[in-house]
Amino acid sequence: MDSANRSKFPLVVIVGGGFGGLEVANVLKDKPVDILMLDKHNYHTFQPLLYQVATGSLEAESIAFSLRKNFSNQENFRFKIAEVNKINAEKNTIYTTIGAITYDYLVIATGSTTNFFGNKDVEHFAMPMKSIPEALNLRYLILQNLEQAVLLPTKEERDPYLSFVLVGAGPTGVELAGALAELRNHILTKDYPELKKEEMKVYLVDFLPKVLGPFSDEGSKAAKKFLTNMGVEVLLNVKVESYDGNVIKFEGGKTIHTKNVIWSAGVMGVVPDGLAKDVLEKGNRISVDTSNRVKGISNIFAIGDVAAMITEETPKGHPGVAQVAIQQGKLVGKNIVRLVNGEAPVPFKYNDKGSLATIGRNKAIADLGKLKFQGFFAWLIWMFVHLISLLGFRNKVIVFINWIGSYISYNGGTRLIIRNFKREELPKKDKQTSKID
């Protein structure tokens, strides 16, 4: 597809415009390479704030930034909307929705998607939240169910529409649970005076014994206390058995009638076809060496959530957080320059800068190495870090103004239903007929 445009410089193809992909391209600016970035969207998504889009606190455009605009001053950078269907490592070629592309170096930065662990019914009826379209679907489902609850005459009929079950007590589940609790505590009766806030239930469920599993014990305990005080029912050591769109069942017999199940219990890597099965690790991640090269392939790199660097220090690989992708992206960019110059790549060493999670107004957890904060100061740290990490001055200003407005009024956001969300029907199973000999 691009052979006619090949220059004298090696072509570096970056698949994915997330945190890692951006860093690779940034490092390669003004270096003796050509860069082609591919992504199915023409924007970068700031995923840590997706939950605020889902609950109507922020508009989608304020956490997205044009990839073309971000690299408009980088002469060796090009961008194309495309999806990669297959990789042929022997021919140094990828096959995409816009044709075949021959590369010199390939960086797989495709990130992760929601892992439903093979449960097809849960996958169909539960709501994921890994992208802006998914966050908007979730927003419309929440608002449509609140509108439906207003129309129903009895509490029993309203209960499934006003019950929200979040499966997975990691940062995404905790932050979304806090946001829904604040919606109930401060906004519900303003927007829907026909409803009582006591009728809206928020459940946070996990099969692990603690919320925010990777955080410190004190941070985890503080988060659980914050959530409980906000009215969230935290159910730990509980495993989901099934969900049919009306009732979620747990092992042990407990059930909750709900139209709202939000799934953040696991992720899996998004891996294009073509790589050998023996380079895939648990969680559908690509096995890489200490310099992020795919095992056995010298010119293909994988970074971020899709990469599994298994060592004695990291027997399960690195955590699926933005800082890992950012740091690996920086190193891979530098290593590609080293390879172009005939030098050996250097190994990756992760610098853990800590973990942050917010539970709501004035409530957050900050584990920053030996420094650990809970409450208002941690909340200020969370806001500052996320604000400066957003791409684009306009986005920073808009998000900051939204946050200030929400803090003062207790009623930020617009919560408009621009389009209806309608779930596709489950494919009908073929009816089996008995065969008569």
# chains A, B, ... in the order shown; residues from 1 in each chain; ligands from 1

$ residues_around --residues "Glu175 of chain A" --least-positions-apart "4" --cutoff "7 Å" --atoms "only C-alpha atoms" --output "list of chain:residue names"
A:Pro171, A:Ala179, A:Ala357, A:Thr358, A:Ile359

$ residues_around --residues "segment 103-120 of chain A" --least-positions-apart "3" --cutoff "8 Å" --atoms "only C-alpha atoms" --output "MDAnalysis selection string"
chainID A and resid 10:18 20:21 92:94 123:124 128:130 242 263:271 299:306 336

$ closest_atom_pairs --of "segment 33-61 of chain A" --to "segment 379-390 of chain A" --cutoff "9 Å" --atoms "only C-alpha atoms" --output "tab-separated table"
residue	atom	partner	partner_atom	distance
A:Phe46	CA	A:Leu390	CA	6.7
A:Pro48	CA	A:His386	CA	7.9
A:Leu49	CA	A:His386	CA	8.3

$ write_last_selection --atoms "N, CA and C atoms" --output "mmCIF file, in the first residue's frame"
data_model
loop_
_atom_site.group_PDB
_atom_site.id
_atom_site.type_symbol
_atom_site.label_atom_id
_atom_site.label_comp_id
_atom_site.auth_asym_id
_atom_site.auth_seq_id
_atom_site.Cartn_x
_atom_site.Cartn_y
_atom_site.Cartn_z
ATOM 1 N N PHE A 46 -8.123 9.348 26.668
ATOM 2 C CA PHE A 46 -7.561 9.391 28.020
ATOM 3 C C PHE A 46 -8.425 8.495 28.903
ATOM 4 N N PRO A 48 -8.295 6.978 31.841
ATOM 5 C CA PRO A 48 -8.605 7.135 33.273
ATOM 6 C C PRO A 48 -9.860 7.952 33.567
ATOM 7 N N LEU A 49 -10.333 8.757 32.604
ATOM 8 C CA LEU A 49 -11.533 9.565 32.853
ATOM 9 C C LEU A 49 -12.758 9.044 32.111
#

$ select_by_dssp --residues "segment 82-228 of chain A" --states "helix (DSSP H, G or I)" --output "PyMOL selection string"
chain A and resi 120-125+132-151+155-162+171-191+197-199+217-228

$ closest_residue --among "A:Ala366, A:Val399, A:Lys86, A:Lys91" --to "Gly412 of chain A" --atoms "only C-alpha atoms"
A:Val399
